[in-house]
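Have a look at upload.txt below; it lists compact mmCIF, N, CA and C atoms.
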# COMPACT_ATOMS: atom_id res chain seq x y z
N MET A 1 19.92 -9.54 64.98
CA MET A 1 19.66 -8.71 63.81
C MET A 1 18.27 -9.04 63.24
N VAL A 2 17.48 -8.04 63.03
CA VAL A 2 16.16 -8.21 62.45
C VAL A 2 16.16 -7.56 61.08
N ILE A 3 15.70 -8.28 60.08
CA ILE A 3 15.62 -7.72 58.74
C ILE A 3 14.37 -6.88 58.66
N LYS A 4 14.55 -5.58 58.41
CA LYS A 4 13.40 -4.69 58.35
C LYS A 4 12.84 -4.66 56.94
N ARG A 5 11.53 -4.75 56.88
CA ARG A 5 10.86 -4.68 55.59
C ARG A 5 10.67 -3.21 55.25
N ASN A 6 10.68 -2.92 53.97
CA ASN A 6 10.43 -1.54 53.58
C ASN A 6 9.34 -1.50 52.52
N PHE A 7 8.92 -0.31 52.20
CA PHE A 7 7.82 -0.10 51.26
C PHE A 7 8.07 -0.81 49.94
N TRP A 8 9.27 -0.68 49.38
CA TRP A 8 9.56 -1.24 48.06
C TRP A 8 9.56 -2.76 48.08
N VAL A 9 10.08 -3.34 49.16
CA VAL A 9 10.07 -4.80 49.29
C VAL A 9 8.64 -5.30 49.40
N GLU A 10 7.84 -4.64 50.22
CA GLU A 10 6.43 -5.03 50.37
C GLU A 10 5.69 -4.89 49.04
N LEU A 11 5.95 -3.81 48.31
CA LEU A 11 5.31 -3.60 47.02
C LEU A 11 5.71 -4.70 46.04
N PHE A 12 6.98 -5.04 46.01
CA PHE A 12 7.46 -6.12 45.13
C PHE A 12 6.71 -7.41 45.42
N TRP A 13 6.62 -7.82 46.70
CA TRP A 13 5.99 -9.09 47.03
C TRP A 13 4.48 -9.06 46.83
N ARG A 14 3.88 -7.88 46.87
CA ARG A 14 2.45 -7.78 46.60
C ARG A 14 2.17 -7.99 45.11
N TRP A 15 3.04 -7.46 44.24
CA TRP A 15 2.82 -7.54 42.79
C TRP A 15 3.46 -8.75 42.13
N HIS A 16 4.47 -9.30 42.76
CA HIS A 16 5.19 -10.42 42.16
C HIS A 16 4.26 -11.56 41.73
N PRO A 17 3.35 -12.07 42.60
CA PRO A 17 2.49 -13.18 42.15
C PRO A 17 1.62 -12.84 40.95
N LYS A 18 1.15 -11.61 40.89
CA LYS A 18 0.31 -11.19 39.75
C LYS A 18 1.11 -11.20 38.45
N ILE A 19 2.32 -10.68 38.50
CA ILE A 19 3.18 -10.64 37.31
C ILE A 19 3.62 -12.05 36.92
N TYR A 20 3.96 -12.86 37.93
CA TYR A 20 4.36 -14.25 37.68
C TYR A 20 3.23 -14.99 36.97
N ARG A 21 2.03 -14.88 37.51
CA ARG A 21 0.87 -15.58 36.93
C ARG A 21 0.59 -15.06 35.52
N TRP A 22 0.61 -13.74 35.34
CA TRP A 22 0.33 -13.13 34.04
C TRP A 22 1.33 -13.61 32.99
N SER A 23 2.60 -13.74 33.39
CA SER A 23 3.64 -14.11 32.42
C SER A 23 3.89 -15.62 32.35
N GLY A 24 3.11 -16.40 33.07
CA GLY A 24 3.35 -17.84 33.09
C GLY A 24 4.68 -18.20 33.71
N GLY A 25 5.17 -17.35 34.63
CA GLY A 25 6.43 -17.60 35.31
C GLY A 25 7.66 -17.12 34.56
N ARG A 26 7.48 -16.55 33.38
CA ARG A 26 8.65 -16.05 32.63
C ARG A 26 9.26 -14.84 33.32
N ILE A 27 8.42 -14.01 33.95
CA ILE A 27 8.91 -12.86 34.72
C ILE A 27 8.77 -13.22 36.19
N GLY A 28 9.85 -13.13 36.92
CA GLY A 28 9.82 -13.46 38.35
C GLY A 28 9.92 -14.94 38.64
N GLY A 29 10.32 -15.71 37.65
CA GLY A 29 10.41 -17.16 37.82
C GLY A 29 11.68 -17.65 38.48
N LYS A 30 12.58 -16.73 38.81
CA LYS A 30 13.82 -17.10 39.48
C LYS A 30 14.25 -15.93 40.37
N LEU A 31 14.58 -16.24 41.61
CA LEU A 31 15.07 -15.24 42.56
C LEU A 31 16.19 -15.84 43.40
N ALA A 32 17.22 -15.07 43.64
CA ALA A 32 18.34 -15.49 44.49
C ALA A 32 18.88 -16.86 44.08
N GLY A 33 18.94 -17.13 42.77
CA GLY A 33 19.50 -18.38 42.27
C GLY A 33 18.58 -19.58 42.37
N LEU A 34 17.33 -19.37 42.79
CA LEU A 34 16.38 -20.47 42.93
C LEU A 34 15.14 -20.22 42.10
N PRO A 35 14.49 -21.28 41.59
CA PRO A 35 13.23 -21.09 40.87
C PRO A 35 12.12 -20.68 41.85
N VAL A 36 11.05 -20.12 41.30
CA VAL A 36 9.94 -19.61 42.10
C VAL A 36 8.65 -20.32 41.70
N LEU A 37 7.83 -20.60 42.70
CA LEU A 37 6.47 -21.09 42.47
C LEU A 37 5.52 -20.23 43.28
N LEU A 38 4.24 -20.36 42.98
CA LEU A 38 3.21 -19.72 43.78
C LEU A 38 2.50 -20.83 44.55
N ILE A 39 2.33 -20.63 45.84
CA ILE A 39 1.64 -21.60 46.67
C ILE A 39 0.26 -21.05 47.00
N GLU A 40 -0.76 -21.87 46.79
CA GLU A 40 -2.15 -21.48 47.08
C GLU A 40 -2.60 -22.18 48.35
N THR A 41 -2.92 -21.41 49.37
CA THR A 41 -3.43 -21.98 50.62
C THR A 41 -4.76 -21.32 50.94
N VAL A 42 -5.43 -21.85 51.95
CA VAL A 42 -6.65 -21.26 52.47
C VAL A 42 -6.35 -20.81 53.89
N GLY A 43 -6.67 -19.55 54.19
CA GLY A 43 -6.41 -19.01 55.52
C GLY A 43 -7.09 -19.85 56.59
N ARG A 44 -6.33 -20.29 57.57
CA ARG A 44 -6.87 -21.18 58.60
C ARG A 44 -7.89 -20.49 59.48
N LYS A 45 -7.81 -19.17 59.58
CA LYS A 45 -8.78 -18.40 60.38
C LYS A 45 -9.84 -17.75 59.49
N SER A 46 -9.40 -17.16 58.38
CA SER A 46 -10.31 -16.39 57.53
C SER A 46 -11.09 -17.26 56.54
N GLY A 47 -10.49 -18.40 56.15
CA GLY A 47 -11.11 -19.22 55.11
C GLY A 47 -10.91 -18.64 53.72
N GLU A 48 -10.15 -17.56 53.61
CA GLU A 48 -9.91 -16.92 52.31
C GLU A 48 -8.72 -17.56 51.60
N ARG A 49 -8.80 -17.56 50.26
CA ARG A 49 -7.71 -18.08 49.43
C ARG A 49 -6.51 -17.14 49.52
N ARG A 50 -5.34 -17.72 49.70
CA ARG A 50 -4.10 -16.95 49.79
C ARG A 50 -3.13 -17.46 48.72
N GLU A 51 -2.32 -16.55 48.21
CA GLU A 51 -1.31 -16.92 47.20
C GLU A 51 0.00 -16.26 47.59
N THR A 52 1.05 -17.07 47.67
CA THR A 52 2.35 -16.58 48.10
C THR A 52 3.42 -17.07 47.14
N ALA A 53 4.32 -16.18 46.75
CA ALA A 53 5.47 -16.57 45.92
C ALA A 53 6.58 -17.08 46.84
N LEU A 54 7.13 -18.24 46.49
CA LEU A 54 8.21 -18.84 47.27
C LEU A 54 9.28 -19.40 46.34
N THR A 55 10.52 -19.32 46.77
CA THR A 55 11.57 -20.04 46.05
C THR A 55 11.45 -21.51 46.44
N TYR A 56 11.92 -22.38 45.55
CA TYR A 56 11.82 -23.81 45.82
C TYR A 56 13.01 -24.55 45.24
N LEU A 57 13.14 -25.79 45.67
CA LEU A 57 14.08 -26.75 45.09
C LEU A 57 13.26 -27.88 44.48
N PRO A 58 13.59 -28.32 43.25
CA PRO A 58 12.96 -29.53 42.72
C PRO A 58 13.39 -30.70 43.61
N TYR A 59 12.53 -31.70 43.77
CA TYR A 59 12.87 -32.80 44.66
C TYR A 59 12.19 -34.07 44.16
N PRO A 60 12.77 -35.25 44.18
CA PRO A 60 14.19 -35.46 44.45
C PRO A 60 15.06 -34.84 43.36
N TYR A 61 16.29 -34.64 43.68
CA TYR A 61 17.19 -33.93 42.78
C TYR A 61 17.66 -34.82 41.65
N PRO A 62 18.10 -34.31 40.56
CA PRO A 62 17.74 -33.02 39.98
C PRO A 62 16.45 -33.17 39.17
N GLY A 63 15.75 -32.09 39.00
CA GLY A 63 14.58 -32.05 38.14
C GLY A 63 13.42 -32.92 38.61
N GLY A 64 13.32 -33.16 39.92
CA GLY A 64 12.28 -34.02 40.45
C GLY A 64 10.87 -33.49 40.20
N ASP A 65 9.89 -34.34 40.46
CA ASP A 65 8.52 -33.92 40.22
C ASP A 65 7.80 -33.50 41.51
N HIS A 66 8.55 -33.36 42.61
CA HIS A 66 8.05 -32.77 43.84
C HIS A 66 8.82 -31.46 44.05
N TYR A 67 8.42 -30.72 45.08
CA TYR A 67 9.04 -29.42 45.34
C TYR A 67 9.33 -29.29 46.82
N VAL A 68 10.38 -28.55 47.16
CA VAL A 68 10.69 -28.25 48.55
C VAL A 68 10.67 -26.75 48.73
N VAL A 69 9.94 -26.29 49.75
CA VAL A 69 9.90 -24.88 50.11
C VAL A 69 10.34 -24.75 51.57
N ILE A 70 10.84 -23.59 51.92
CA ILE A 70 11.40 -23.37 53.25
C ILE A 70 10.62 -22.26 53.95
N ALA A 71 10.18 -22.54 55.16
CA ALA A 71 9.38 -21.57 55.92
C ALA A 71 10.28 -20.68 56.78
N SER A 72 11.18 -19.95 56.12
CA SER A 72 12.18 -19.16 56.85
C SER A 72 11.65 -17.82 57.34
N LEU A 73 10.79 -17.18 56.59
CA LEU A 73 10.31 -15.82 56.88
C LEU A 73 11.47 -14.89 57.23
N LEU A 74 12.56 -15.04 56.45
CA LEU A 74 13.76 -14.22 56.59
C LEU A 74 14.36 -14.26 57.99
N GLY A 75 14.14 -15.36 58.71
CA GLY A 75 14.71 -15.51 60.04
C GLY A 75 13.90 -14.87 61.15
N GLU A 76 12.68 -14.47 60.87
CA GLU A 76 11.84 -13.88 61.91
C GLU A 76 11.48 -14.95 62.94
N PRO A 77 11.08 -14.54 64.15
CA PRO A 77 10.84 -15.51 65.22
C PRO A 77 9.56 -16.34 65.06
N LYS A 78 8.70 -16.00 64.14
CA LYS A 78 7.45 -16.74 63.97
C LYS A 78 7.42 -17.44 62.61
N HIS A 79 6.59 -18.47 62.52
CA HIS A 79 6.40 -19.15 61.24
C HIS A 79 5.58 -18.26 60.31
N PRO A 80 5.83 -18.35 58.99
CA PRO A 80 5.01 -17.59 58.04
C PRO A 80 3.58 -18.12 58.03
N ALA A 81 2.64 -17.23 57.71
CA ALA A 81 1.22 -17.59 57.69
C ALA A 81 0.96 -18.74 56.74
N TRP A 82 1.62 -18.75 55.57
CA TRP A 82 1.37 -19.83 54.61
C TRP A 82 1.70 -21.19 55.21
N TYR A 83 2.74 -21.25 56.05
CA TYR A 83 3.11 -22.52 56.67
C TYR A 83 2.05 -22.95 57.68
N LEU A 84 1.56 -22.03 58.48
CA LEU A 84 0.51 -22.35 59.45
C LEU A 84 -0.75 -22.80 58.73
N ASN A 85 -1.03 -22.18 57.58
CA ASN A 85 -2.19 -22.61 56.78
C ASN A 85 -2.00 -24.03 56.28
N LEU A 86 -0.77 -24.39 55.90
CA LEU A 86 -0.48 -25.77 55.46
C LEU A 86 -0.69 -26.78 56.58
N GLN A 87 -0.39 -26.36 57.80
CA GLN A 87 -0.59 -27.26 58.93
C GLN A 87 -2.08 -27.59 59.10
N ALA A 88 -2.93 -26.60 58.81
CA ALA A 88 -4.38 -26.80 58.92
C ALA A 88 -4.93 -27.60 57.74
N ASP A 89 -4.35 -27.40 56.54
CA ASP A 89 -4.83 -28.10 55.35
C ASP A 89 -3.65 -28.34 54.40
N PRO A 90 -3.05 -29.53 54.46
CA PRO A 90 -1.86 -29.79 53.63
C PRO A 90 -2.15 -30.10 52.17
N LYS A 91 -3.41 -30.26 51.79
CA LYS A 91 -3.75 -30.53 50.39
C LYS A 91 -4.04 -29.21 49.71
N ILE A 92 -3.08 -28.79 48.89
CA ILE A 92 -3.12 -27.46 48.27
C ILE A 92 -2.76 -27.57 46.79
N ALA A 93 -2.51 -26.42 46.19
CA ALA A 93 -2.03 -26.37 44.80
C ALA A 93 -0.88 -25.39 44.73
N VAL A 94 -0.01 -25.62 43.75
CA VAL A 94 1.07 -24.69 43.44
C VAL A 94 0.98 -24.33 41.97
N ILE A 95 1.48 -23.17 41.64
CA ILE A 95 1.62 -22.73 40.25
C ILE A 95 3.12 -22.75 39.96
N VAL A 96 3.51 -23.55 38.99
CA VAL A 96 4.91 -23.62 38.57
C VAL A 96 4.92 -23.25 37.10
N GLY A 97 5.48 -22.07 36.79
CA GLY A 97 5.39 -21.57 35.43
C GLY A 97 3.93 -21.39 35.08
N PRO A 98 3.46 -21.93 33.96
CA PRO A 98 2.05 -21.77 33.59
C PRO A 98 1.15 -22.88 34.15
N SER A 99 1.71 -23.85 34.88
CA SER A 99 0.94 -25.03 35.31
C SER A 99 0.48 -24.95 36.76
N ARG A 100 -0.78 -25.34 36.97
CA ARG A 100 -1.32 -25.47 38.33
C ARG A 100 -1.27 -26.95 38.68
N ILE A 101 -0.65 -27.27 39.83
CA ILE A 101 -0.37 -28.65 40.21
C ILE A 101 -0.91 -28.91 41.62
N ALA A 102 -1.69 -29.97 41.78
CA ALA A 102 -2.18 -30.37 43.10
C ALA A 102 -1.05 -31.05 43.85
N VAL A 103 -0.84 -30.65 45.11
CA VAL A 103 0.22 -31.23 45.93
C VAL A 103 -0.30 -31.46 47.35
N GLU A 104 0.46 -32.27 48.08
CA GLU A 104 0.21 -32.45 49.50
C GLU A 104 1.51 -32.15 50.23
N ALA A 105 1.42 -31.34 51.29
CA ALA A 105 2.60 -30.89 52.02
C ALA A 105 2.89 -31.79 53.22
N ARG A 106 4.19 -31.97 53.47
CA ARG A 106 4.64 -32.64 54.68
C ARG A 106 5.99 -32.05 55.07
N ASP A 107 6.26 -32.01 56.37
CA ASP A 107 7.55 -31.54 56.84
C ASP A 107 8.59 -32.64 56.63
N ALA A 108 9.74 -32.26 56.10
CA ALA A 108 10.87 -33.19 56.02
C ALA A 108 11.47 -33.29 57.42
N GLU A 109 11.94 -34.47 57.77
CA GLU A 109 12.50 -34.71 59.09
C GLU A 109 13.81 -35.48 58.97
N GLY A 110 14.58 -35.46 60.03
CA GLY A 110 15.78 -36.28 60.15
C GLY A 110 16.81 -36.04 59.05
N GLU A 111 17.38 -37.14 58.55
CA GLU A 111 18.43 -37.05 57.54
C GLU A 111 17.92 -36.40 56.26
N GLU A 112 16.68 -36.69 55.90
CA GLU A 112 16.12 -36.07 54.70
C GLU A 112 16.15 -34.55 54.83
N ARG A 113 15.68 -34.04 55.97
CA ARG A 113 15.65 -32.59 56.20
C ARG A 113 17.06 -31.99 56.15
N GLU A 114 17.99 -32.62 56.84
CA GLU A 114 19.35 -32.08 56.90
C GLU A 114 20.00 -32.09 55.51
N GLY A 115 19.77 -33.14 54.72
CA GLY A 115 20.32 -33.19 53.37
C GLY A 115 19.76 -32.08 52.50
N ILE A 116 18.45 -31.87 52.58
CA ILE A 116 17.82 -30.79 51.81
C ILE A 116 18.36 -29.44 52.27
N TRP A 117 18.44 -29.25 53.59
CA TRP A 117 18.92 -27.97 54.13
C TRP A 117 20.34 -27.68 53.64
N ASN A 118 21.22 -28.67 53.70
CA ASN A 118 22.60 -28.48 53.26
C ASN A 118 22.67 -28.14 51.77
N ASP A 119 21.85 -28.81 50.95
CA ASP A 119 21.80 -28.49 49.52
C ASP A 119 21.32 -27.07 49.30
N LEU A 120 20.31 -26.67 50.04
CA LEU A 120 19.77 -25.32 49.93
C LEU A 120 20.82 -24.27 50.27
N VAL A 121 21.50 -24.46 51.39
CA VAL A 121 22.51 -23.49 51.83
C VAL A 121 23.65 -23.40 50.83
N SER A 122 23.99 -24.50 50.16
CA SER A 122 25.06 -24.45 49.16
C SER A 122 24.66 -23.60 47.96
N ILE A 123 23.35 -23.54 47.67
CA ILE A 123 22.86 -22.73 46.56
C ILE A 123 22.60 -21.30 46.99
N SER A 124 22.03 -21.14 48.18
CA SER A 124 21.64 -19.82 48.68
C SER A 124 22.05 -19.68 50.14
N PRO A 125 23.27 -19.20 50.40
CA PRO A 125 23.79 -19.11 51.77
C PRO A 125 22.98 -18.22 52.72
N ASP A 126 22.09 -17.40 52.18
CA ASP A 126 21.25 -16.56 53.04
C ASP A 126 20.46 -17.40 54.04
N TYR A 127 20.09 -18.62 53.67
CA TYR A 127 19.31 -19.46 54.57
C TYR A 127 20.07 -19.80 55.84
N SER A 128 21.39 -19.90 55.76
CA SER A 128 22.20 -20.12 56.95
C SER A 128 22.08 -18.91 57.89
N ALA A 129 22.08 -17.72 57.31
CA ALA A 129 21.91 -16.50 58.12
C ALA A 129 20.53 -16.46 58.75
N TYR A 130 19.51 -16.87 58.01
CA TYR A 130 18.14 -16.88 58.57
C TYR A 130 18.08 -17.81 59.78
N ARG A 131 18.73 -18.98 59.67
CA ARG A 131 18.72 -19.92 60.79
C ARG A 131 19.38 -19.30 62.01
N ASN A 132 20.44 -18.53 61.79
CA ASN A 132 21.14 -17.89 62.91
C ASN A 132 20.35 -16.74 63.52
N LEU A 133 19.40 -16.18 62.78
CA LEU A 133 18.61 -15.05 63.27
C LEU A 133 17.45 -15.48 64.17
N THR A 134 17.04 -16.71 64.07
CA THR A 134 15.84 -17.13 64.78
C THR A 134 16.12 -18.26 65.77
N GLY A 135 15.32 -18.33 66.80
CA GLY A 135 15.43 -19.42 67.75
C GLY A 135 14.56 -20.60 67.38
N ARG A 136 13.73 -20.44 66.35
CA ARG A 136 12.83 -21.54 65.96
C ARG A 136 13.51 -22.45 64.94
N ARG A 137 13.03 -23.65 64.86
CA ARG A 137 13.52 -24.59 63.84
C ARG A 137 12.77 -24.26 62.55
N ILE A 138 13.50 -23.87 61.52
CA ILE A 138 12.88 -23.47 60.25
C ILE A 138 12.38 -24.72 59.53
N PRO A 139 11.07 -24.79 59.26
CA PRO A 139 10.53 -25.97 58.58
C PRO A 139 10.98 -26.08 57.13
N VAL A 140 11.27 -27.31 56.74
CA VAL A 140 11.59 -27.69 55.37
C VAL A 140 10.39 -28.52 54.90
N VAL A 141 9.69 -28.03 53.89
CA VAL A 141 8.41 -28.62 53.49
C VAL A 141 8.52 -29.26 52.11
N VAL A 142 8.16 -30.53 52.03
CA VAL A 142 8.12 -31.25 50.76
C VAL A 142 6.69 -31.19 50.24
N LEU A 143 6.54 -30.76 49.00
CA LEU A 143 5.24 -30.69 48.34
C LEU A 143 5.21 -31.80 47.31
N ARG A 144 4.45 -32.86 47.61
CA ARG A 144 4.39 -34.04 46.75
C ARG A 144 3.17 -33.95 45.83
N ARG A 145 3.43 -34.18 44.54
CA ARG A 145 2.31 -34.19 43.57
C ARG A 145 1.27 -35.21 43.98
N ARG A 146 0.02 -34.88 43.75
CA ARG A 146 -1.07 -35.81 44.02
C ARG A 146 -2.08 -35.72 42.89
N SER A 147 -2.90 -36.73 42.77
CA SER A 147 -3.97 -36.65 41.80
C SER A 147 -5.07 -35.79 42.39
N ARG A 148 -5.74 -35.06 41.56
CA ARG A 148 -6.78 -34.15 42.06
C ARG A 148 -7.84 -34.98 42.69
Do you think you could lay out the structure here as structure tokens?
Amino acid sequence: MVIKRNFWVELFWRWHPKIYRWSGGRIGGKLAGLPVLLIETVGRKSGERRETALTYLPYPYPGGDHYVVIASLLGEPKHPAWYLNLQADPKIAVIVGPSRIAVEARDAEGEEREGIWNDLVSISPDYSAYRNLTGRRIPVVVLRRRSR
């Protein structure tokens, strides 16, 4: 099963970061039972600044000062561009509500990854479906706060 994108979904994701930023995260700050942040990356090929809205989990739980994002791309067979950009440059920034925070990305592995994945699926079961749709291992990414 492939999830087909449509005009309205594409339009939503194009405008969501602008509305989120404008409202300081008050509008669009929660989707599918999870909080939302904006991730700022630099295109690994283009060198252009990119901004993507992603759901996240605070980490460590609860209310941690790090963040976990999932590179599911709705179960598509390829990794999302933002994840590939993180592989090229893991020192990025996120916008959480009205705050811009410097972070460094790393993939969670082993027991840490499985624990995060299980917690995520208990909150948002769609991620289990995404895993079943793809043959790739969906990355679980920890974004750790860093000093600028």
So which bits of chain A end up strand (DSSP E or B) when you DSSP the backbone, as a VMD selection string?
-> chain A and resid 30 to 31 34 to 42 49 to 55 57 to 59 66 to 70 91 to 96 99 to 107 140 to 145
Might you pull out every residue within 10 Å of A:Val103, with only C-alpha atoms counted and same-chain residues fewer than 3 positions away left off, and present them as a ChimeraX atom specification?
-> /A:39,66-67,90-94,100,106,142-148
Write out, as an mmCIF file, in the frame of the given file, the residues just selected, with N, CA and C atoms.
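Printed below is out.cif as written:
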data_model
loop_
_atom_site.group_PDB
_atom_site.id
_atom_site.type_symbol
_atom_site.label_atom_id
_atom_site.label_comp_id
_atom_site.auth_asym_id
_atom_site.auth_seq_id
_atom_site.Cartn_x
_atom_site.Cartn_y
_atom_site.Cartn_z
ATOM 1 N N ILE A 39 2.330 -20.630 45.840
ATOM 2 C CA ILE A 39 1.640 -21.600 46.670
ATOM 3 C C ILE A 39 0.260 -21.050 47.000
ATOM 4 N N HIS A 66 8.550 -33.360 42.610
ATOM 5 C CA HIS A 66 8.050 -32.770 43.840
ATOM 6 C C HIS A 66 8.820 -31.460 44.050
ATOM 7 N N TYR A 67 8.420 -30.720 45.080
ATOM 8 C CA TYR A 67 9.040 -29.420 45.340
ATOM 9 C C TYR A 67 9.330 -29.290 46.820
ATOM 10 N N PRO A 90 -3.050 -29.530 54.460
ATOM 11 C CA PRO A 90 -1.860 -29.790 53.630
ATOM 12 C C PRO A 90 -2.150 -30.100 52.170
ATOM 13 N N LYS A 91 -3.410 -30.260 51.790
ATOM 14 C CA LYS A 91 -3.750 -30.530 50.390
ATOM 15 C C LYS A 91 -4.040 -29.210 49.710
ATOM 16 N N ILE A 92 -3.080 -28.790 48.890
ATOM 17 C CA ILE A 92 -3.120 -27.460 48.270
ATOM 18 C C ILE A 92 -2.760 -27.570 46.790
ATOM 19 N N ALA A 93 -2.510 -26.420 46.190
ATOM 20 C CA ALA A 93 -2.030 -26.370 44.800
ATOM 21 C C ALA A 93 -0.880 -25.390 44.730
ATOM 22 N N VAL A 94 -0.010 -25.620 43.750
ATOM 23 C CA VAL A 94 1.070 -24.690 43.440
ATOM 24 C C VAL A 94 0.980 -24.330 41.970
ATOM 25 N N ARG A 100 -0.780 -25.340 36.970
ATOM 26 C CA ARG A 100 -1.320 -25.470 38.330
ATOM 27 C C ARG A 100 -1.270 -26.950 38.680
ATOM 28 N N ARG A 106 4.190 -31.970 53.470
ATOM 29 C CA ARG A 106 4.640 -32.640 54.680
ATOM 30 C C ARG A 106 5.990 -32.050 55.070
ATOM 31 N N VAL A 142 8.160 -30.530 52.030
ATOM 32 C CA VAL A 142 8.120 -31.250 50.760
ATOM 33 C C VAL A 142 6.690 -31.190 50.240
ATOM 34 N N LEU A 143 6.540 -30.760 49.000
ATOM 35 C CA LEU A 143 5.240 -30.690 48.340
ATOM 36 C C LEU A 143 5.210 -31.800 47.310
ATOM 37 N N ARG A 144 4.450 -32.860 47.610
ATOM 38 C CA ARG A 144 4.390 -34.040 46.750
ATOM 39 C C ARG A 144 3.170 -33.950 45.830
ATOM 40 N N ARG A 145 3.430 -34.180 44.540
ATOM 41 C CA ARG A 145 2.310 -34.190 43.570
ATOM 42 C C ARG A 145 1.270 -35.210 43.980
ATOM 43 N N ARG A 146 0.020 -34.880 43.750
ATOM 44 C CA ARG A 146 -1.070 -35.810 44.020
ATOM 45 C C ARG A 146 -2.080 -35.720 42.890
ATOM 46 N N SER A 147 -2.900 -36.730 42.770
ATOM 47 C CA SER A 147 -3.970 -36.650 41.800
ATOM 48 C C SER A 147 -5.070 -35.790 42.390
ATOM 49 N N ARG A 148 -5.740 -35.060 41.560
ATOM 50 C CA ARG A 148 -6.780 -34.150 42.060
ATOM 51 C C ARG A 148 -7.840 -34.980 42.690
#
With a distance cut-off of 9 Å and only C-alpha atoms, select the neighbouring residues of A:Ala32, excluding the residue or stretch itself and same-chain residues fewer than 5 positions from it, and output the selection as a PyMOL selection string.
-> chain A and resi 55+123-124
Extract the full set of alpha helix (DSSP H) residues from stretch 1-144 of chain A according to DSSP on the backbone, and format it as a ChimeraX atom specification.
-> /A:7-23,81-88,110-123,126-133
Selection near A:Ser122, 12 Å with only C-alpha atoms, sequence-local residues under 6 positions removed, as an mmCIF file with N, CA and C atoms, keeping the file's coordinate frame:
data_model
loop_
_atom_site.group_PDB
_atom_site.id
_atom_site.type_symbol
_atom_site.label_atom_id
_atom_site.label_comp_id
_atom_site.auth_asym_id
_atom_site.auth_seq_id
_atom_site.Cartn_x
_atom_site.Cartn_y
_atom_site.Cartn_z
ATOM 1 N N GLY A 33 18.940 -17.130 42.770
ATOM 2 C CA GLY A 33 19.500 -18.380 42.270
ATOM 3 C C GLY A 33 18.580 -19.580 42.370
ATOM 4 N N LEU A 34 17.330 -19.370 42.790
ATOM 5 C CA LEU A 34 16.380 -20.470 42.930
ATOM 6 C C LEU A 34 15.140 -20.220 42.100
ATOM 7 N N LEU A 57 13.140 -25.790 45.670
ATOM 8 C CA LEU A 57 14.080 -26.750 45.090
ATOM 9 C C LEU A 57 13.260 -27.880 44.480
ATOM 10 N N GLY A 115 19.770 -33.140 54.720
ATOM 11 C CA GLY A 115 20.320 -33.190 53.370
ATOM 12 C C GLY A 115 19.760 -32.080 52.500
ATOM 13 N N ILE A 116 18.450 -31.870 52.580
ATOM 14 C CA ILE A 116 17.820 -30.790 51.810
ATOM 15 C C ILE A 116 18.360 -29.440 52.270
ATOM 16 N N SER A 128 21.390 -19.900 55.760
ATOM 17 C CA SER A 128 22.200 -20.120 56.950
ATOM 18 C C SER A 128 22.080 -18.910 57.890
#
Skipping near chain neighbours, those fewer than 4 positions away, what residues fall within 7 Å of A:Ser23 using all atoms listed in the file, listed as a ChimeraX atom specification?
-> /A:18-19,27,97-98
Using N, CA and C atoms, can you write the selected residues to a file as a PDB file, in the coordinates of the input?
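Wrote it out as part.pdb, contents follow:
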ATOM      1  N   LYS A  18       1.150 -11.610  40.890  1.00  0.00           N
ATOM      2  CA  LYS A  18       0.310 -11.190  39.750  1.00  0.00           C
ATOM      3  C   LYS A  18       1.110 -11.200  38.450  1.00  0.00           C
ATOM      4  N   ILE A  19       2.320 -10.680  38.500  1.00  0.00           N
ATOM      5  CA  ILE A  19       3.180 -10.640  37.310  1.00  0.00           C
ATOM      6  C   ILE A  19       3.620 -12.050  36.920  1.00  0.00           C
ATOM      7  N   ILE A  27       8.420 -14.010  33.950  1.00  0.00           N
ATOM      8  CA  ILE A  27       8.910 -12.860  34.720  1.00  0.00           C
ATOM      9  C   ILE A  27       8.770 -13.220  36.190  1.00  0.00           C
ATOM     10  N   GLY A  97       5.480 -22.070  36.790  1.00  0.00           N
ATOM     11  CA  GLY A  97       5.390 -21.570  35.430  1.00  0.00           C
ATOM     12  C   GLY A  97       3.930 -21.390  35.080  1.00  0.00           C
ATOM     13  N   PRO A  98       3.460 -21.930  33.960  1.00  0.00           N
ATOM     14  CA  PRO A  98       2.050 -21.770  33.590  1.00  0.00           C
ATOM     15  C   PRO A  98       1.150 -22.880  34.150  1.00  0.00           C
TER      16      PRO A  98
END
Hey, what's within 7 Å of A:Thr41 if we count only N, CA and C atoms and toss same-chain stuff fewer than 2 positions away? As a compact mmCIF listing (two decimals) with N, CA and C atoms, keeping the file's coordinate frame, please?
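And here's part-v4.txt as it stands now:
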# COMPACT_ATOMS: atom_id res chain seq x y z
N ILE A 39 2.33 -20.63 45.84
CA ILE A 39 1.64 -21.60 46.67
C ILE A 39 0.26 -21.05 47.00
N GLY A 43 -6.67 -19.55 54.19
CA GLY A 43 -6.41 -19.01 55.52
C GLY A 43 -7.09 -19.85 56.59
N ARG A 44 -6.33 -20.29 57.57
CA ARG A 44 -6.87 -21.18 58.60
C ARG A 44 -7.89 -20.49 59.48
N GLU A 48 -10.15 -17.56 53.61
CA GLU A 48 -9.91 -16.92 52.31
C GLU A 48 -8.72 -17.56 51.60
N ARG A 49 -8.80 -17.56 50.26
CA ARG A 49 -7.71 -18.08 49.43
C ARG A 49 -6.51 -17.14 49.52
N ARG A 50 -5.34 -17.72 49.70
CA ARG A 50 -4.10 -16.95 49.79
C ARG A 50 -3.13 -17.46 48.72
N GLU A 51 -2.32 -16.55 48.21
CA GLU A 51 -1.31 -16.92 47.20
C GLU A 51 0.00 -16.26 47.59
N THR A 52 1.05 -17.07 47.67
CA THR A 52 2.35 -16.58 48.10
C THR A 52 3.42 -17.07 47.14
N TRP A 82 1.62 -18.75 55.57
CA TRP A 82 1.37 -19.83 54.61
C TRP A 82 1.70 -21.19 55.21
N ASN A 85 -1.03 -22.18 57.58
CA ASN A 85 -2.19 -22.61 56.78
C ASN A 85 -2.00 -24.03 56.28
N LEU A 86 -0.77 -24.39 55.90
CA LEU A 86 -0.48 -25.77 55.46
C LEU A 86 -0.69 -26.78 56.58
N ILE A 92 -3.08 -28.79 48.89
CA ILE A 92 -3.12 -27.46 48.27
C ILE A 92 -2.76 -27.57 46.79
N ALA A 93 -2.51 -26.42 46.19
CA ALA A 93 -2.03 -26.37 44.80
C ALA A 93 -0.88 -25.39 44.73
